[in-house]
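Participant: Enclosed is the structure file protein_14.csv (CSV, C-alpha atoms).
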chain,number,residue,atom,x,y,z
P,1,MET,CA,0.0,0.0,0.0
P,2,PRO,CA,1.5,3.3,-1.0
P,3,GLN,CA,2.3,5.8,1.7
P,4,GLU,CA,3.2,9.5,1.8
P,5,ILE,CA,6.5,10.4,3.4
P,6,LYS,CA,7.4,14.0,4.2
P,7,VAL,CA,11.1,14.7,4.9
P,8,LYS,CA,12.8,18.0,5.8
P,9,VAL,CA,16.0,18.2,3.8
P,10,SER,CA,18.6,20.9,3.8
P,11,MET,CA,18.7,22.3,0.3
P,12,HIS,CA,20.1,25.7,-0.8
P,13,SER,CA,20.0,25.7,-4.6
P,14,GLN,CA,18.6,24.1,-7.7
P,15,LYS,CA,21.7,21.9,-7.8
P,16,CYS,CA,20.9,20.5,-4.3
P,17,ARG,CA,17.2,20.0,-5.3
P,18,LYS,CA,18.3,18.0,-8.4
P,19,GLU,CA,20.7,15.9,-6.3
P,20,VAL,CA,18.0,15.1,-3.7
P,21,MET,CA,15.5,14.1,-6.4
P,22,LYS,CA,18.0,11.8,-8.2
P,23,THR,CA,18.9,10.1,-4.9
P,24,VAL,CA,15.4,9.4,-3.9
P,25,ALA,CA,14.2,8.4,-7.4
P,26,LYS,CA,16.7,5.6,-7.5
P,27,LEU,CA,15.1,3.8,-4.5
P,28,SER,CA,12.9,0.8,-5.3
P,29,GLY,CA,9.2,1.3,-4.6
P,30,VAL,CA,9.1,5.1,-5.2
P,31,ASP,CA,6.1,6.2,-7.3
P,32,GLN,CA,6.3,9.9,-7.1
P,33,VAL,CA,8.8,12.5,-5.8
P,34,SER,CA,8.2,16.2,-5.3
P,35,VAL,CA,10.5,18.9,-3.7
P,36,ASP,CA,9.6,22.3,-2.4
P,37,LEU,CA,12.8,24.3,-2.3
P,38,GLN,CA,11.5,27.2,-0.3
P,39,LYS,CA,10.1,25.1,2.5
P,40,GLU,CA,13.0,22.6,2.1
P,41,MET,CA,10.4,19.8,2.1
P,42,LEU,CA,10.6,16.5,0.2
P,43,VAL,CA,7.4,14.4,-0.4
P,44,VAL,CA,7.9,10.8,-1.4
P,45,ILE,CA,4.9,8.7,-2.5
P,46,GLY,CA,5.2,4.9,-2.8
P,47,ASP,CA,5.9,1.6,-1.0
P,48,VAL,CA,9.3,2.5,0.4
P,49,ASP,CA,10.8,2.5,3.8
P,50,PRO,CA,11.1,6.0,5.3
P,51,VAL,CA,14.3,5.1,7.1
P,52,CYS,CA,15.8,4.1,3.7
P,53,VAL,CA,14.9,7.5,2.2
P,54,ALA,CA,16.5,9.4,5.1
P,55,THR,CA,19.6,7.1,5.1
P,56,SER,CA,20.2,7.5,1.4
P,57,LEU,CA,20.0,11.3,1.7
P,58,ARG,CA,22.4,11.3,4.7
P,59,LYS,CA,24.9,9.3,2.6
P,60,LYS,CA,24.9,12.2,0.1
P,61,ARG,CA,25.8,14.6,3.0
P,62,LYS,CA,22.3,16.1,3.4
P,63,VAL,CA,20.6,16.7,6.7
P,64,ALA,CA,17.3,14.8,6.6
P,65,ASN,CA,14.6,14.6,9.2
P,66,ILE,CA,11.4,12.6,8.8
P,67,VAL,CA,8.5,14.9,9.4
P,68,SER,CA,5.5,12.6,8.9
P,69,VAL,CA,4.6,9.2,7.4
P,70,GLY,CA,1.0,8.3,6.6
P,71,PRO,CA,-1.2,6.6,4.0
P,72,TYR,CA,-1.4,8.2,0.6
P,73,LYS,CA,-4.8,9.8,-0.1
P,74,LYS,CA,-5.4,10.9,-3.7
P,75,LYS,CA,-6.6,14.5,-3.8
P,76,GLY,CA,-9.6,15.5,-5.8
P,77,THR,CA,-11.2,12.0,-6.1
P,78,GLU,CA,-14.9,11.5,-5.6
P,79,VAL,CA,-16.1,8.3,-4.1
P,80,ASN,CA,-19.3,6.6,-5.2
P,81,LYS,CA,-20.8,9.6,-7.0
P,82,PRO,CA,-24.3,8.6,-8.2
P,83,VAL,CA,-24.9,8.5,-11.9
P,84,GLY,CA,-27.8,10.7,-12.9
P,85,PHE,CA,-29.8,10.9,-16.1
P,86,PRO,CA,-30.0,14.3,-17.8
P,87,MET,CA,-33.5,15.7,-17.8
P,88,MET,CA,-34.7,17.2,-21.0
P,89,TYR,CA,-37.7,19.6,-20.6
P,90,CYS,CA,-40.3,20.3,-23.2
P,91,ASN,CA,-43.2,22.7,-23.1
P,92,THR,CA,-46.0,20.1,-23.4
P,93,PRO,CA,-46.4,17.0,-21.2
P,94,CYS,CA,-45.4,13.7,-22.6
P,95,TYR,CA,-47.3,10.4,-22.2
P,96,ASP,CA,-44.9,7.8,-20.7
P,97,GLY,CA,-46.9,4.8,-21.7
P,98,TYR,CA,-47.9,3.9,-18.2
P,99,GLY,CA,-50.9,6.1,-17.8
P,100,HIS,CA,-48.9,9.1,-16.5
P,101,PHE,CA,-48.2,12.5,-18.1
P,102,VAL,CA,-44.7,13.8,-17.4
P,103,TYR,CA,-42.6,16.8,-18.3
P,104,GLY,CA,-39.4,15.7,-19.9
P,105,TYR,CA,-38.5,12.2,-20.9
P,106,PRO,CA,-38.2,9.1,-18.6
P,107,PRO,CA,-34.6,7.8,-18.1
P,108,ILE,CA,-35.4,4.7,-20.2
P,109,ARG,CA,-36.0,6.7,-23.4
P,110,ASP,CA,-33.3,9.3,-22.7
P,111,ALA,CA,-29.9,7.8,-23.8
P,112,GLY,CA,-28.1,11.1,-23.5
P,113,GLY,CA,-27.9,11.5,-27.2
P,114,CYS,CA,-30.1,13.2,-29.7
P,115,ASN,CA,-33.8,12.6,-29.5
P,116,ILE,CA,-35.9,13.2,-32.5
P,117,LEU,CA,-39.7,13.5,-32.0
Write the structure described by the file as structure tokens, please.
Facilitator:
Amino acid sequence: MPQEIKVKVSMHSQKCRKEVMKTVAKLSGVDQVSVDLQKEMLVVIGDVDPVCVATSLRKKRKVANIVSVGPYKKKGTEVNKPVGFPMMYCNTPCYDGYGHFVYGYPPIRDAGGCNIL
């Protein structure tokens, strides 16, 4: 199960940022790496040991402190959103075949495409 690892790393330039990203990207199990140079924060997403991430950075002479480790939650995903049928309105009531007059078309007839009457 992928997890999100946040590590505080001492970085001072784009060269340091590039070196940190290369070092972490080489580890097995890493899916995604992002670095914020202003906050000096490294975010690693994947199935990788947080201690291995910190150790590999320390071998490259970087000061690395693990801030947080937790499950990865995808941002912006909607869970179990119900599927609705678009309702098309007309000025006159329509007979649905079951003894009812309705405005618009029942979901059975409305396939979402063009309806010609």
Participant: Could you pull out every residue with an atom within 12 Å of (17.4, 16.5, -7.4), file coordinates, counting all atoms listed in the file, and send them as a ChimeraX atom specification?
Facilitator: /P:9,11-26,33-37,42,57,60,62
Participant: Provide the atom CA of P:Val48 to atom CA of P:Pro2 distance in Å, to one decimal place.
Facilitator: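 Result for atom CA of P:Val48 versus atom CA of P:Pro2: 8.0 Å, one decimal.
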Participant: Could you tell me which of P:Cys52, P:Val44, P:Ser28, P:Lys8 comes closest to P:Tyr72 if we count only C-alpha atoms?
Facilitator: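 Checking each of P:Cys52, P:Val44, P:Ser28, P:Lys8 against P:Tyr72, counting only C-alpha atoms, the winner is P:Val44.
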Participant: Quick one: everything within 9 Å of P:Ala54, counting all atoms listed in the file, minus sequence neighbours fewer than 3 positions away in the same chain. Send it as a list of chain:residue names.
Facilitator: P:Val7, P:Val9, P:Pro50, P:Val51, P:Leu57, P:Arg58, P:Lys59, P:Val63, P:Ala64, P:Asn65, P:Ile66
Participant: Excluding P:Ser68 and residues on its chain fewer than 4 positions from it, collect all residues at most 9 Å away from it, counting only C-alpha atoms, and give them as a VMD selection string.
Facilitator: chain P and resid 4 to 7
Participant: Would you save the residues from that selection as a CSV table (one decimal), in the frame of the given file, using C-alpha atoms?
Facilitator:
chain,number,residue,atom,x,y,z
P,4,GLU,CA,3.2,9.5,1.8
P,5,ILE,CA,6.5,10.4,3.4
P,6,LYS,CA,7.4,14.0,4.2
P,7,VAL,CA,11.1,14.7,4.9
Participant: How many Å separate atom CA of P:Thr55 from atom CA of P:Met41?
Facilitator: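 Taking atom CA of P:Thr55 and atom CA of P:Met41, their separation equals 16.0 Å.
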Participant: What is the distance, in Å and to one decimal place, between atom CA of P:Glu40 and atom CA of P:Met1?
Facilitator: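 So the answer is 26.2 Å.
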Participant: Of the candidates P:Arg61, P:Val43, P:Pro71, P:Val53, which one gets nearest to P:Gly29 if we count only C-alpha atoms?
Facilitator: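 Of the candidates, the smallest distance to P:Gly29 is held by P:Val53.
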Participant: Which one of P:Asp47, P:Gln38, P:Leu27, P:Ser56 sits closest to P:Gly70 if you count only C-alpha atoms?
Facilitator: P:Asp47
Participant: Would you mind putting back all heavy atoms on stretch 24-35 of chain P, then writing it out as a PDB file, in the coordinates of the input?
Facilitator:
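Dumped to part.pdb:
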ATOM      1  N   VAL P  24      16.604  10.033  -4.341  1.00  0.00           N
ATOM      2  CA  VAL P  24      15.400   9.400  -3.900  1.00  0.00           C
ATOM      3  C   VAL P  24      14.713   8.593  -5.014  1.00  0.00           C
ATOM      4  O   VAL P  24      14.151   7.519  -4.788  1.00  0.00           O
ATOM      5  CB  VAL P  24      14.410  10.405  -3.269  1.00  0.00           C
ATOM      6  CG1 VAL P  24      13.104   9.772  -2.894  1.00  0.00           C
ATOM      7  CG2 VAL P  24      15.046  11.046  -2.050  1.00  0.00           C
ATOM      8  N   ALA P  25      14.788   9.089  -6.229  1.00  0.00           N
ATOM      9  CA  ALA P  25      14.200   8.400  -7.400  1.00  0.00           C
ATOM     10  C   ALA P  25      14.791   7.062  -7.654  1.00  0.00           C
ATOM     11  O   ALA P  25      14.142   6.185  -8.226  1.00  0.00           O
ATOM     12  CB  ALA P  25      14.204   9.302  -8.599  1.00  0.00           C
ATOM     13  N   LYS P  26      16.051   6.871  -7.262  1.00  0.00           N
ATOM     14  CA  LYS P  26      16.700   5.600  -7.500  1.00  0.00           C
ATOM     15  C   LYS P  26      16.225   4.481  -6.586  1.00  0.00           C
ATOM     16  O   LYS P  26      16.433   3.311  -6.885  1.00  0.00           O
ATOM     17  CB  LYS P  26      18.243   5.763  -7.278  1.00  0.00           C
ATOM     18  CG  LYS P  26      18.931   6.572  -8.347  1.00  0.00           C
ATOM     19  CD  LYS P  26      20.406   6.684  -8.042  1.00  0.00           C
ATOM     20  CE  LYS P  26      21.108   7.573  -9.044  1.00  0.00           C
ATOM     21  NZ  LYS P  26      22.541   7.718  -8.732  1.00  0.00           N
ATOM     22  N   LEU P  27      15.598   4.818  -5.467  1.00  0.00           N
ATOM     23  CA  LEU P  27      15.100   3.800  -4.500  1.00  0.00           C
ATOM     24  C   LEU P  27      13.996   2.984  -5.122  1.00  0.00           C
ATOM     25  O   LEU P  27      13.145   3.522  -5.838  1.00  0.00           O
ATOM     26  CB  LEU P  27      14.673   4.457  -3.218  1.00  0.00           C
ATOM     27  CG  LEU P  27      15.738   5.218  -2.431  1.00  0.00           C
ATOM     28  CD1 LEU P  27      15.101   5.934  -1.254  1.00  0.00           C
ATOM     29  CD2 LEU P  27      16.820   4.274  -1.946  1.00  0.00           C
ATOM     30  N   SER P  28      13.973   1.698  -4.805  1.00  0.00           N
ATOM     31  CA  SER P  28      12.900   0.800  -5.300  1.00  0.00           C
ATOM     32  C   SER P  28      11.626   1.072  -4.536  1.00  0.00           C
ATOM     33  O   SER P  28      11.656   1.233  -3.308  1.00  0.00           O
ATOM     34  CB  SER P  28      13.314  -0.629  -5.253  1.00  0.00           C
ATOM     35  OG  SER P  28      13.481  -1.012  -3.912  1.00  0.00           O
ATOM     36  N   GLY P  29      10.505   1.122  -5.244  1.00  0.00           N
ATOM     37  CA  GLY P  29       9.200   1.300  -4.600  1.00  0.00           C
ATOM     38  C   GLY P  29       8.717   2.757  -4.624  1.00  0.00           C
ATOM     39  O   GLY P  29       7.615   3.045  -4.177  1.00  0.00           O
ATOM     40  N   VAL P  30       9.523   3.668  -5.141  1.00  0.00           N
ATOM     41  CA  VAL P  30       9.100   5.100  -5.200  1.00  0.00           C
ATOM     42  C   VAL P  30       8.269   5.304  -6.433  1.00  0.00           C
ATOM     43  O   VAL P  30       8.662   4.981  -7.550  1.00  0.00           O
ATOM     44  CB  VAL P  30      10.380   5.993  -5.237  1.00  0.00           C
ATOM     45  CG1 VAL P  30       9.977   7.440  -5.430  1.00  0.00           C
ATOM     46  CG2 VAL P  30      11.185   5.836  -3.969  1.00  0.00           C
ATOM     47  N   ASP P  31       7.050   5.858  -6.215  1.00  0.00           N
ATOM     48  CA  ASP P  31       6.100   6.200  -7.300  1.00  0.00           C
ATOM     49  C   ASP P  31       6.228   7.611  -7.754  1.00  0.00           C
ATOM     50  O   ASP P  31       6.167   7.919  -8.934  1.00  0.00           O
ATOM     51  CB  ASP P  31       4.697   5.838  -6.922  1.00  0.00           C
ATOM     52  CG  ASP P  31       4.491   4.354  -6.677  1.00  0.00           C
ATOM     53  OD1 ASP P  31       5.213   3.540  -7.279  1.00  0.00           O
ATOM     54  OD2 ASP P  31       3.605   4.018  -5.874  1.00  0.00           O
ATOM     55  N   GLN P  32       6.345   8.512  -6.783  1.00  0.00           N
ATOM     56  CA  GLN P  32       6.300   9.900  -7.100  1.00  0.00           C
ATOM     57  C   GLN P  32       7.197  10.695  -6.102  1.00  0.00           C
ATOM     58  O   GLN P  32       7.211  10.384  -4.902  1.00  0.00           O
ATOM     59  CB  GLN P  32       4.866  10.426  -6.985  1.00  0.00           C
ATOM     60  CG  GLN P  32       4.628  11.835  -7.399  1.00  0.00           C
ATOM     61  CD  GLN P  32       3.152  12.190  -7.310  1.00  0.00           C
ATOM     62  OE1 GLN P  32       2.322  11.380  -6.933  1.00  0.00           O
ATOM     63  NE2 GLN P  32       2.830  13.416  -7.632  1.00  0.00           N
ATOM     64  N   VAL P  33       7.914  11.695  -6.602  1.00  0.00           N
ATOM     65  CA  VAL P  33       8.800  12.500  -5.800  1.00  0.00           C
ATOM     66  C   VAL P  33       8.507  13.980  -6.089  1.00  0.00           C
ATOM     67  O   VAL P  33       8.427  14.358  -7.253  1.00  0.00           O
ATOM     68  CB  VAL P  33      10.291  12.220  -6.051  1.00  0.00           C
ATOM     69  CG1 VAL P  33      11.170  13.099  -5.188  1.00  0.00           C
ATOM     70  CG2 VAL P  33      10.604  10.767  -5.822  1.00  0.00           C
ATOM     71  N   SER P  34       8.338  14.786  -5.047  1.00  0.00           N
ATOM     72  CA  SER P  34       8.200  16.200  -5.300  1.00  0.00           C
ATOM     73  C   SER P  34       9.007  16.963  -4.197  1.00  0.00           C
ATOM     74  O   SER P  34       9.111  16.517  -3.059  1.00  0.00           O
ATOM     75  CB  SER P  34       6.730  16.655  -5.203  1.00  0.00           C
ATOM     76  OG  SER P  34       6.183  16.373  -3.941  1.00  0.00           O
ATOM     77  N   VAL P  35       9.583  18.097  -4.605  1.00  0.00           N
ATOM     78  CA  VAL P  35      10.500  18.900  -3.700  1.00  0.00           C
ATOM     79  C   VAL P  35       9.992  20.317  -3.721  1.00  0.00           C
ATOM     80  O   VAL P  35       9.762  20.905  -4.779  1.00  0.00           O
ATOM     81  CB  VAL P  35      11.927  18.787  -4.192  1.00  0.00           C
ATOM     82  CG1 VAL P  35      12.811  19.659  -3.331  1.00  0.00           C
ATOM     83  CG2 VAL P  35      12.412  17.359  -4.158  1.00  0.00           C
TER      84      VAL P  35
END
